[in-house]
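**Student:** Would you mind keeping the following structure in view while I ask a few things?
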Amino acid sequence: MKFHWTLEWCDSPSKKSKEECSCRNMIHNYKKITNDGYLYSDNELVGKMVIINKPIFFNEGTTSTGGRISITDLKTKDICHFGSINI
């Protein structure tokens, strides 16, 4: 089953809007993720992903709801919060 994550809000020390947050595209642009959630772009450590809630599946895997993750940009300290949607 495929689903993707949509940006819901951003906690930014510099008060950036969610469209300006540095972590908003990290979910698509990392090259490697470690078992403990660290995101790497090539060989550079760039972020940390935390699973808050795993998606819950209904109707034999055809609908998902409730998934939540956060990604922290380790340079700017922006924290992006994502929710899962079914595709």
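Labels for the structure tokens follow display order: chains A, B, ..., residues from 1 in each chain, ligands from 1.
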Any idea what's packed within 10 Å of Thr76 (chain A), counting only C-alpha atoms, ignoring anything in its chain fewer than 6 positions away? Could you give it as JSON, numbers by chain?
**Tutor:** {"A": [12, 13, 14, 21, 22, 23, 46, 47]}
**Student:** Write out the residues from the selection above, keeping N, CA, C and O atoms, as a compact mmCIF listing (two decimals), in the first residue's frame.
**Tutor:**
```txt
# COMPACT_ATOMS: atom_id res chain seq x y z
N SER A 12 9.01 26.71 14.12
CA SER A 12 10.25 27.34 13.66
C SER A 12 10.74 28.35 14.69
O SER A 12 9.99 29.26 15.06
N PRO A 13 11.99 28.24 15.14
CA PRO A 13 12.54 29.23 16.06
C PRO A 13 12.52 30.65 15.48
O PRO A 13 12.39 31.62 16.22
N SER A 14 12.62 30.75 14.15
CA SER A 14 12.62 32.07 13.51
C SER A 14 11.23 32.47 13.02
O SER A 14 11.09 33.42 12.26
N CYS A 21 9.55 26.75 5.90
CA CYS A 21 10.34 25.90 6.81
C CYS A 21 11.37 25.08 6.03
O CYS A 21 11.06 24.51 4.99
N SER A 22 12.56 25.03 6.57
CA SER A 22 13.65 24.33 5.89
C SER A 22 13.45 22.81 5.85
O SER A 22 14.04 22.14 5.00
N CYS A 23 12.63 22.26 6.73
CA CYS A 23 12.46 20.81 6.79
C CYS A 23 11.32 20.29 5.91
O CYS A 23 11.13 19.09 5.79
N VAL A 46 21.53 15.56 8.09
CA VAL A 46 20.72 16.76 7.89
C VAL A 46 19.49 16.85 8.79
O VAL A 46 19.00 17.94 9.05
N GLY A 47 18.97 15.72 9.25
CA GLY A 47 17.73 15.78 10.00
C GLY A 47 17.48 14.57 10.86
O GLY A 47 18.22 13.58 10.82
```
**Student:** I'd like the neighbourhood of Leu45 (chain A) as a list in words, where a residue qualifies if any of its atoms comes within 10 Å (using only C-alpha atoms), though same-chain residues fewer than 6 positions away should be ignored.
**Tutor:**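 Surrounding residues, per the criterion: Tyr30, Lys32, Ile33, Tyr38, Leu39, Asp73, Leu74 and Lys75 of chain A.
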**Student:** DSSP on the backbone: what in chain A comes out alpha helix (DSSP H), as a PyMOL selection string?
**Tutor:** chain A and resi 26-29
**Student:** Could you turn the residues from that selection into a file that holds N, CA and C atoms, as a tab-separated table (two decimals), in the first residue's frame?
**Tutor:**
```
chain	number	residue	atom	x	y	z
A	26	MET	N	12.47	17.74	3.31
A	26	MET	CA	13.39	16.69	3.74
A	26	MET	C	12.79	15.29	3.59
A	27	ILE	N	11.50	15.18	3.70
A	27	ILE	CA	10.84	13.89	3.60
A	27	ILE	C	11.03	13.27	2.21
A	28	HIS	N	11.31	14.10	1.21
A	28	HIS	CA	11.51	13.62	-0.16
A	28	HIS	C	12.97	13.65	-0.59
A	29	ASN	N	13.81	14.40	0.10
A	29	ASN	CA	15.17	14.66	-0.40
A	29	ASN	C	16.30	13.98	0.36
```
**Student:** Could you please determine the separation between CA of Ile85 (chain A) and CA of Glu44 (chain A) in Å, to one decimal place?
**Tutor:**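 Answer for the CA of Ile85 (chain A) to CA of Glu44 (chain A) separation: 29.2 Å.
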**Student:** Give me, as number ranges by chain, all polymer residues having an atom no more than 6 Å from Gly83 (chain A), counting only C-alpha atoms and skipping those fewer than 3 positions away in the same chain.
**Tutor:** A: 5-6, 67-68
**Student:** My list of candidates is A:Met49, A:Ile56, A:Ile71, A:Ile79. Which is closest to Gly37 (chain A) when distances are computed with only C-alpha atoms?
**Tutor:**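 Comparing A:Met49, A:Ile56, A:Ile71, A:Ile79 against Gly37 (chain A), the winner is A:Met49.
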**Student:** As an exercise, work out the distance from CA of Lys15 (chain A) to CA of Thr65 (chain A) in Å and give it to one decimal place.
**Tutor:**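 CA of Thr65 (chain A) lies 28.9 Å from CA of Lys15 (chain A).
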